[in-house]
file model.pdb (PDB, C-alpha atoms, pLDDT in the B column)
ATOM      1  CA  MET A1014     107.098 119.638  75.903  1.00 40.00           C
ATOM      2  CA  THR A1015     103.470 118.578  75.504  1.00 38.00           C
ATOM      3  CA  VAL A1016     101.470 118.500  78.709  1.00 41.00           C
ATOM      4  CA  GLN A1017      98.256 116.566  79.128  1.00 44.00           C
ATOM      5  CA  GLY A1018      95.627 117.429  81.702  1.00 42.00           C
ATOM      6  CA  GLU A1019      95.092 120.513  83.769  1.00 39.00           C
ATOM      7  CA  THR A1020      98.019 121.512  85.930  1.00 38.00           C
ATOM      8  CA  THR A1021      95.699 122.908  88.613  1.00 41.00           C
ATOM      9  CA  GLN A1022      94.216 119.439  89.123  1.00 58.00           C
ATOM     10  CA  GLY A1023      97.400 117.789  90.333  1.00 83.00           C
ATOM     11  CA  VAL A1024     100.499 116.199  88.936  1.00 90.00           C
ATOM     12  CA  VAL A1025     100.867 116.042  85.154  1.00 93.00           C
ATOM     13  CA  LEU A1026     102.759 113.456  83.103  1.00 95.00           C
ATOM     14  CA  THR A1027     103.997 114.617  79.689  1.00 95.00           C
ATOM     15  CA  GLU A1028     103.495 112.465  76.594  1.00 96.00           C
ATOM     16  CA  VAL A1029     107.240 111.741  76.483  1.00 95.00           C
ATOM     17  CA  ALA A1030     107.258 110.628  80.129  1.00 95.00           C
ATOM     18  CA  ALA A1031     104.130 108.508  79.592  1.00 95.00           C
ATOM     19  CA  GLY A1032     105.838 106.805  76.647  1.00 95.00           C
ATOM     20  CA  LYS A1033     108.910 106.031  78.749  1.00 95.00           C
ATOM     21  CA  VAL A1034     106.753 104.657  81.577  1.00 95.00           C
ATOM     22  CA  LYS A1035     104.910 102.425  79.070  1.00 94.00           C
ATOM     23  CA  SER A1036     108.254 101.174  77.747  1.00 94.00           C
ATOM     24  CA  LEU A1037     109.482 100.364  81.266  1.00 93.00           C
ATOM     25  CA  LEU A1038     106.216  98.598  82.112  1.00 92.00           C
ATOM     26  CA  ASP A1039     106.513  96.530  78.919  1.00 92.00           C
ATOM     27  CA  GLN A1040     110.006  95.484  80.028  1.00 92.00           C
ATOM     28  CA  GLU A1041     108.591  94.404  83.405  1.00 88.00           C
ATOM     29  CA  GLY A1042     106.047  92.242  81.587  1.00 89.00           C
ATOM     30  CA  ARG A1043     103.285  93.174  84.013  1.00 84.00           C
ATOM     31  CA  ASP A1044     100.061  94.999  83.296  1.00 84.00           C
ATOM     32  CA  ASP A1045      98.973  95.405  86.934  1.00 89.00           C
ATOM     33  CA  LEU A1046     101.503  98.118  87.815  1.00 93.00           C
ATOM     34  CA  GLN A1047     100.997 101.877  87.915  1.00 94.00           C
ATOM     35  CA  LEU A1048     103.377 104.768  88.447  1.00 95.00           C
ATOM     36  CA  ARG A1049     103.263 105.989  92.040  1.00 96.00           C
ATOM     37  CA  ILE A1050     104.634 109.432  92.849  1.00 93.00           C
ATOM     38  CA  ALA A1051     105.173 110.295  96.489  1.00 92.00           C
ATOM     39  CA  VAL A1052     106.762 113.035  98.540  1.00 90.00           C
ATOM     40  CA  GLN A1053     108.687 111.760 101.558  1.00 86.00           C
ATOM     41  CA  PRO A1054     110.724 113.449 104.282  1.00 81.00           C
ATOM     42  CA  GLY A1055     114.433 113.318 103.503  1.00 72.00           C
ATOM     43  CA  GLY A1056     117.255 114.777 101.521  1.00 64.00           C
ATOM     44  CA  CYS A1057     119.239 117.852 102.449  1.00 64.00           C
ATOM     45  CA  SER A1058     116.331 120.225 101.697  1.00 62.00           C
ATOM     46  CA  GLY A1059     113.677 118.407 103.717  1.00 73.00           C
ATOM     47  CA  LEU A1060     111.521 116.583 101.144  1.00 82.00           C
ATOM     48  CA  ARG A1061     112.312 114.206  98.313  1.00 85.00           C
ATOM     49  CA  TYR A1062     110.369 112.697  95.448  1.00 88.00           C
ATOM     50  CA  GLN A1063     109.853 108.984  94.996  1.00 91.00           C
ATOM     51  CA  LEU A1064     108.741 107.492  91.671  1.00 93.00           C
ATOM     52  CA  PHE A1065     108.162 103.761  91.526  1.00 95.00           C
ATOM     53  CA  PHE A1066     105.890 101.106  90.104  1.00 95.00           C
ATOM     54  CA  ASP A1067     103.233  99.888  92.490  1.00 95.00           C
ATOM     55  CA  ASP A1068     100.391  97.401  92.349  1.00 94.00           C
ATOM     56  CA  ARG A1069      98.684  98.675  95.504  1.00 92.00           C
ATOM     57  CA  GLN A1070      95.668 100.940  95.803  1.00 90.00           C
ATOM     58  CA  LEU A1071      95.733 102.812  99.119  1.00 91.00           C
ATOM     59  CA  ASP A1072      92.860 104.601 100.821  1.00 92.00           C
ATOM     60  CA  GLY A1073      92.815 108.219  99.667  1.00 91.00           C
ATOM     61  CA  ASP A1074      94.915 107.680  96.532  1.00 93.00           C
ATOM     62  CA  THR A1075      94.342 109.978  93.569  1.00 92.00           C
ATOM     63  CA  VAL A1076      94.593 108.181  90.223  1.00 93.00           C
ATOM     64  CA  ARG A1077      94.803 109.879  86.818  1.00 93.00           C
ATOM     65  CA  ASP A1078      95.291 108.371  83.382  1.00 93.00           C
ATOM     66  CA  PHE A1079      97.846 109.837  80.976  1.00 93.00           C
ATOM     67  CA  SER A1080      97.891 108.106  77.580  1.00 91.00           C
ATOM     68  CA  GLY A1081      97.116 104.750  79.170  1.00 91.00           C
ATOM     69  CA  VAL A1082      99.480 105.178  82.136  1.00 92.00           C
ATOM     70  CA  ASN A1083      97.886 105.347  85.571  1.00 94.00           C
ATOM     71  CA  VAL A1084      99.623 107.849  87.839  1.00 94.00           C
ATOM     72  CA  VAL A1085      98.876 107.430  91.545  1.00 95.00           C
ATOM     73  CA  VAL A1086      99.512 110.003  94.275  1.00 94.00           C
ATOM     74  CA  ASP A1087      98.810 109.336  97.930  1.00 93.00           C
ATOM     75  CA  ARG A1088      96.630 111.731  99.904  1.00 92.00           C
ATOM     76  CA  MET A1089      99.544 113.235 101.887  1.00 91.00           C
ATOM     77  CA  SER A1090     101.615 113.981  98.756  1.00 91.00           C
ATOM     78  CA  VAL A1091      98.848 115.646  96.730  1.00 91.00           C
ATOM     79  CA  PRO A1092      99.304 119.185  98.164  1.00 90.00           C
ATOM     80  CA  TYR A1093     103.058 119.103  97.451  1.00 88.00           C
ATOM     81  CA  LEU A1094     102.516 118.038  93.837  1.00 91.00           C
ATOM     82  CA  LEU A1095      99.709 120.376  92.708  1.00 90.00           C
ATOM     83  CA  GLY A1096     100.739 121.726  89.336  1.00 90.00           C
ATOM     84  CA  ALA A1097     103.918 119.621  89.144  1.00 91.00           C
ATOM     85  CA  THR A1098     104.919 118.334  85.703  1.00 94.00           C
ATOM     86  CA  ILE A1099     106.856 115.115  85.252  1.00 94.00           C
ATOM     87  CA  ASP A1100     108.834 114.809  82.050  1.00 95.00           C
ATOM     88  CA  PHE A1101     111.504 112.475  80.703  1.00 94.00           C
ATOM     89  CA  VAL A1102     114.695 113.858  79.186  1.00 93.00           C
ATOM     90  CA  ASP A1103     117.289 111.962  77.194  1.00 90.00           C
ATOM     91  CA  THR A1104     120.164 114.203  76.206  1.00 90.00           C
ATOM     92  CA  ILE A1105     123.932 113.940  76.258  1.00 90.00           C
ATOM     93  CA  GLU A1106     123.918 115.862  79.547  1.00 88.00           C
ATOM     94  CA  GLN A1107     121.019 114.192  81.348  1.00 85.00           C
ATOM     95  CA  GLN A1108     118.794 111.154  81.183  1.00 89.00           C
ATOM     96  CA  GLY A1109     115.866 110.451  83.422  1.00 91.00           C
ATOM     97  CA  PHE A1110     112.626 111.751  84.797  1.00 91.00           C
ATOM     98  CA  THR A1111     112.463 115.406  85.785  1.00 89.00           C
ATOM     99  CA  ILE A1112     109.935 117.128  88.008  1.00 89.00           C
ATOM    100  CA  ASP A1113     109.057 120.777  87.556  1.00 88.00           C
ATOM    101  CA  ASN A1114     107.217 121.697  90.754  1.00 84.00           C
ATOM    102  CA  PRO A1115     105.902 125.237  91.271  1.00 84.00           C
ATOM    103  CA  ASN A1116     105.392 124.453  94.980  1.00 76.00           C
ATOM    104  CA  ALA A1117     109.098 123.864  95.628  1.00 74.00           C
ATOM    105  CA  THR A1118     110.505 127.024  97.179  1.00 69.00           C
ATOM    106  CA  GLY A1119     114.069 125.757  97.002  1.00 62.00           C
ATOM    107  CA  SER A1120     116.118 122.671  96.294  1.00 56.00           C
ATOM    108  CA  CYS A1121     119.484 121.159  97.133  1.00 51.00           C
ATOM    109  CA  ALA A1122     122.531 121.479  94.892  1.00 53.00           C
ATOM    110  CA  CYS A1123     122.176 117.946  93.550  1.00 52.00           C
ATOM    111  CA  GLY A1124     118.481 118.475  92.754  1.00 53.00           C
ATOM    112  CA  ASP A1125     117.503 115.413  94.777  1.00 57.00           C
ATOM    113  CA  SER A1126     115.321 117.145  97.336  1.00 48.00           C
ATOM    114  CA  PHE A1127     113.261 120.302  97.838  1.00 52.00           C
ATOM    115  CA  HIS A1128     111.409 122.371 100.416  1.00 45.00           C
TER
END
call {"tool": "encode", "arguments": {"input": "model.pdb", "output": "C-alpha coordinates"}}
result
Amino acid sequence: MTVQGETTQGVVLTEVAAGKVKSLLDQEGRDDLQLRIAVQPGGCSGLRYQLFFDDRQLDGDTVRDFSGVNVVVDRMSVPYLLGATIDFVDTIEQQGFTIDNPNATGSCACGDSFH
(Lines of atoms letter the chains of each structure in order from A and count residues from 1; the text may use other names and numbers.)
(Lines give C-alpha, C1' and ligand atoms only; values in the text may rest on other atoms or scores of the structure.)
Protein backbone atom coordinates (compact mmCIF):
# COMPACT_ATOMS: atom_id res chain seq x y z
CA MET A 1 0.00 0.00 0.00
CA THR A 2 1.45 3.36 -1.04
CA VAL A 3 0.43 6.28 1.13
CA GLN A 4 0.64 9.88 0.03
CA GLY A 5 0.89 12.78 2.43
CA GLU A 6 1.72 12.91 6.09
CA THR A 7 -0.51 10.83 8.31
CA THR A 8 -0.16 13.31 11.18
CA GLN A 9 -1.80 16.00 9.03
CA GLY A 10 -5.15 14.27 8.68
CA VAL A 11 -6.81 11.65 6.57
CA VAL A 12 -4.74 10.01 3.83
CA LEU A 13 -5.97 8.54 0.55
CA THR A 14 -3.79 5.82 -0.99
CA GLU A 15 -2.90 5.88 -4.68
CA VAL A 16 -5.16 2.86 -5.28
CA ALA A 17 -8.10 4.57 -3.55
CA ALA A 18 -7.45 7.82 -5.45
CA GLY A 19 -7.51 5.87 -8.72
CA LYS A 20 -10.83 4.26 -7.82
CA VAL A 21 -12.32 7.63 -6.85
CA LYS A 22 -11.16 9.09 -10.19
CA SER A 23 -12.78 6.16 -12.01
CA LEU A 24 -16.07 6.67 -10.15
CA LEU A 25 -16.00 10.42 -10.84
CA ASP A 26 -15.41 9.72 -14.54
CA GLN A 27 -18.49 7.48 -14.52
CA GLU A 28 -20.52 10.32 -12.96
CA GLY A 29 -19.40 12.61 -15.78
CA ARG A 30 -18.94 15.54 -13.42
CA ASP A 31 -15.77 17.42 -12.60
CA ASP A 32 -17.24 19.54 -9.79
CA LEU A 33 -17.44 16.73 -7.22
CA GLN A 34 -15.00 15.88 -4.45
CA LEU A 35 -14.80 13.01 -2.00
CA ARG A 36 -16.25 13.99 1.38
CA ILE A 37 -15.38 11.89 4.42
CA ALA A 38 -17.40 12.45 7.56
CA VAL A 39 -17.83 10.86 10.96
CA GLN A 40 -21.45 10.75 12.14
CA PRO A 41 -23.16 9.39 15.24
CA GLY A 42 -24.63 5.96 14.61
CA GLY A 43 -23.95 2.29 14.28
CA CYS A 44 -23.69 -0.17 17.14
CA SER A 45 -20.34 1.23 18.33
CA GLY A 46 -21.33 4.90 18.42
CA LEU A 47 -19.74 6.46 15.32
CA ARG A 48 -19.80 5.58 11.65
CA TYR A 49 -17.94 6.74 8.57
CA GLN A 50 -19.62 8.33 5.58
CA LEU A 51 -17.89 8.60 2.20
CA PHE A 52 -19.74 10.36 -0.58
CA PHE A 53 -19.30 12.73 -3.48
CA ASP A 54 -20.16 16.32 -2.70
CA ASP A 55 -20.12 19.59 -4.59
CA ARG A 56 -20.45 21.77 -1.48
CA GLN A 57 -17.76 23.68 0.35
CA LEU A 58 -18.73 24.18 4.00
CA ASP A 59 -17.26 26.65 6.47
CA GLY A 60 -14.35 24.99 8.28
CA ASP A 61 -13.79 22.23 5.71
CA THR A 62 -10.29 20.83 5.31
CA VAL A 63 -9.42 20.03 1.69
CA ARG A 64 -6.39 18.01 0.55
CA ASP A 65 -5.41 16.87 -2.92
CA PHE A 66 -4.33 13.27 -3.53
CA SER A 67 -3.28 12.60 -7.14
CA GLY A 68 -5.89 15.03 -8.45
CA VAL A 69 -8.67 13.92 -6.08
CA ASN A 70 -9.89 16.49 -3.58
CA VAL A 71 -10.68 14.94 -0.20
CA VAL A 72 -12.85 17.08 2.07
CA VAL A 73 -13.33 16.62 5.82
CA ASP A 74 -15.64 18.80 7.87
CA ARG A 75 -14.33 20.55 10.97
CA MET A 76 -16.14 18.24 13.43
CA SER A 77 -14.80 15.05 11.79
CA VAL A 78 -11.14 16.11 11.58
CA PRO A 79 -10.14 14.99 15.13
CA TYR A 80 -11.65 11.53 14.57
CA LEU A 81 -9.77 11.05 11.30
CA LEU A 82 -6.25 12.24 12.20
CA GLY A 83 -3.87 9.65 10.83
CA ALA A 84 -6.62 7.58 9.18
CA THR A 85 -5.76 5.91 5.86
CA ILE A 86 -8.39 5.21 3.23
CA ASP A 87 -7.59 2.44 0.79
CA PHE A 88 -9.50 0.47 -1.82
CA VAL A 89 -9.34 -3.32 -1.88
CA ASP A 90 -10.56 -5.62 -4.63
CA THR A 91 -10.06 -9.25 -3.70
CA ILE A 92 -12.15 -12.38 -3.85
CA GLU A 93 -13.04 -11.85 -0.19
CA GLN A 94 -13.69 -8.11 -0.14
CA GLN A 95 -14.28 -5.18 -2.44
CA GLY A 96 -14.61 -1.59 -1.39
CA PHE A 97 -13.04 1.25 0.50
CA THR A 98 -11.38 0.46 3.81
CA ILE A 99 -10.45 2.85 6.60
CA ASP A 100 -7.54 2.16 8.91
CA ASN A 101 -8.05 4.59 11.79
CA PRO A 102 -5.58 4.67 14.70
CA ASN A 103 -8.10 6.73 16.71
CA ALA A 104 -10.73 3.98 16.73
CA THR A 105 -10.51 2.22 20.09
CA GLY A 106 -12.96 -0.47 19.05
CA SER A 107 -15.41 -1.41 16.34
CA CYS A 108 -18.54 -3.48 15.83
CA ALA A 109 -18.50 -7.03 14.51
CA CYS A 110 -19.60 -5.98 11.03
CA GLY A 111 -16.92 -3.26 10.86
CA ASP A 112 -19.51 -0.61 10.06
CA SER A 113 -18.96 1.60 13.08
CA PHE A 114 -16.34 2.45 15.70
CA HIS A 115 -15.76 4.26 18.98
call {"tool": "atom_distance", "arguments": {"input": "model.pdb", "atom1": "atom CA of Pro1115 of chain A", "atom2": "atom CA of Leu1095 of chain A"}}
result
8.0 Å
call {"tool": "atom_distance", "arguments": {"input": "model.pdb", "atom1": "atom CA of Leu1060 of chain A", "atom2": "atom CA of Ser1036 of chain A"}}
result
28.2 Å
call {"tool": "closest_residue", "arguments": {"input": "model.pdb", "among": "A:Glu1106, A:Asp1072, A:Asp1039, A:Asp1100", "to": "Asp1087 of chain A", "atoms": "only C-alpha atoms"}}
result
A:Asp1072
call {"tool": "resolve_selection", "arguments": {"input": "model.pdb", "expression": "the PyMOL selection byres ((chain A and resi 1098) around 9)", "output": "PyMOL selection string"}}
result
chain A and resi 1016+1020+1023-1027+1094-1097+1099-1100+1111-1115
call {"tool": "resolve_selection", "arguments": {"input": "model.pdb", "expression": "the PyMOL selection byres ((chain A and resi 1102) around 12)", "output": "tab-separated table (two decimals) with C-alpha atoms, keeping the file's coordinate frame"}}
result
chain	number	residue	atom	x	y	z
A	1014	MET	CA	107.10	119.64	75.90
A	1027	THR	CA	104.00	114.62	79.69
A	1028	GLU	CA	103.50	112.46	76.59
A	1029	VAL	CA	107.24	111.74	76.48
A	1030	ALA	CA	107.26	110.63	80.13
A	1031	ALA	CA	104.13	108.51	79.59
A	1032	GLY	CA	105.84	106.80	76.65
A	1033	LYS	CA	108.91	106.03	78.75
A	1099	ILE	CA	106.86	115.12	85.25
A	1100	ASP	CA	108.83	114.81	82.05
A	1101	PHE	CA	111.50	112.48	80.70
A	1103	ASP	CA	117.29	111.96	77.19
A	1104	THR	CA	120.16	114.20	76.21
A	1105	ILE	CA	123.93	113.94	76.26
A	1106	GLU	CA	123.92	115.86	79.55
A	1107	GLN	CA	121.02	114.19	81.35
A	1108	GLN	CA	118.79	111.15	81.18
A	1109	GLY	CA	115.87	110.45	83.42
A	1110	PHE	CA	112.63	111.75	84.80
A	1111	THR	CA	112.46	115.41	85.78
A	1112	ILE	CA	109.94	117.13	88.01
call {"tool": "residues_around", "arguments": {"input": "model.pdb", "residues": "Arg1069 of chain A", "least_positions_apart": "2", "cutoff": "9 Å", "atoms": "only C-alpha atoms", "output": "MDAnalysis selection string"}}
result
chainID A and resid 1046:1047 1067 1071
call {"tool": "atom_distance", "arguments": {"input": "model.pdb", "atom1": "atom CA of Tyr1093 of chain A", "atom2": "atom CA of Leu1064 of chain A"}}
result
14.2 Å
call {"tool": "residues_around", "arguments": {"input": "model.pdb", "residues": "Val1086 of chain A", "least_positions_apart": "5", "cutoff": "7 Å", "atoms": "all atoms listed in the file", "output": "list of chain:residue names"}}
result
A:Arg1049, A:Ile1050, A:Ala1051, A:Asp1074, A:Thr1075, A:Val1076, A:Val1091
call {"tool": "resolve_selection", "arguments": {"input": "model.pdb", "expression": "the PyMOL selection byres ((chain A and resi 1062) around 6)", "output": "PyMOL selection string"}}
result
chain A and resi 1051-1052+1061+1063
call {"tool": "closest_residue", "arguments": {"input": "model.pdb", "among": "A:Ala1117, A:Phe1079, A:Gln1070, A:Lys1035", "to": "Pro1092 of chain A", "atoms": "all atoms listed in the file"}}
result
A:Ala1117
call {"tool": "closest_residue", "arguments": {"input": "model.pdb", "among": "A:Leu1048, A:Arg1043, A:Gln1053, A:Met1089", "to": "Gly1073 of chain A", "atoms": "all atoms listed in the file"}}
result
A:Met1089
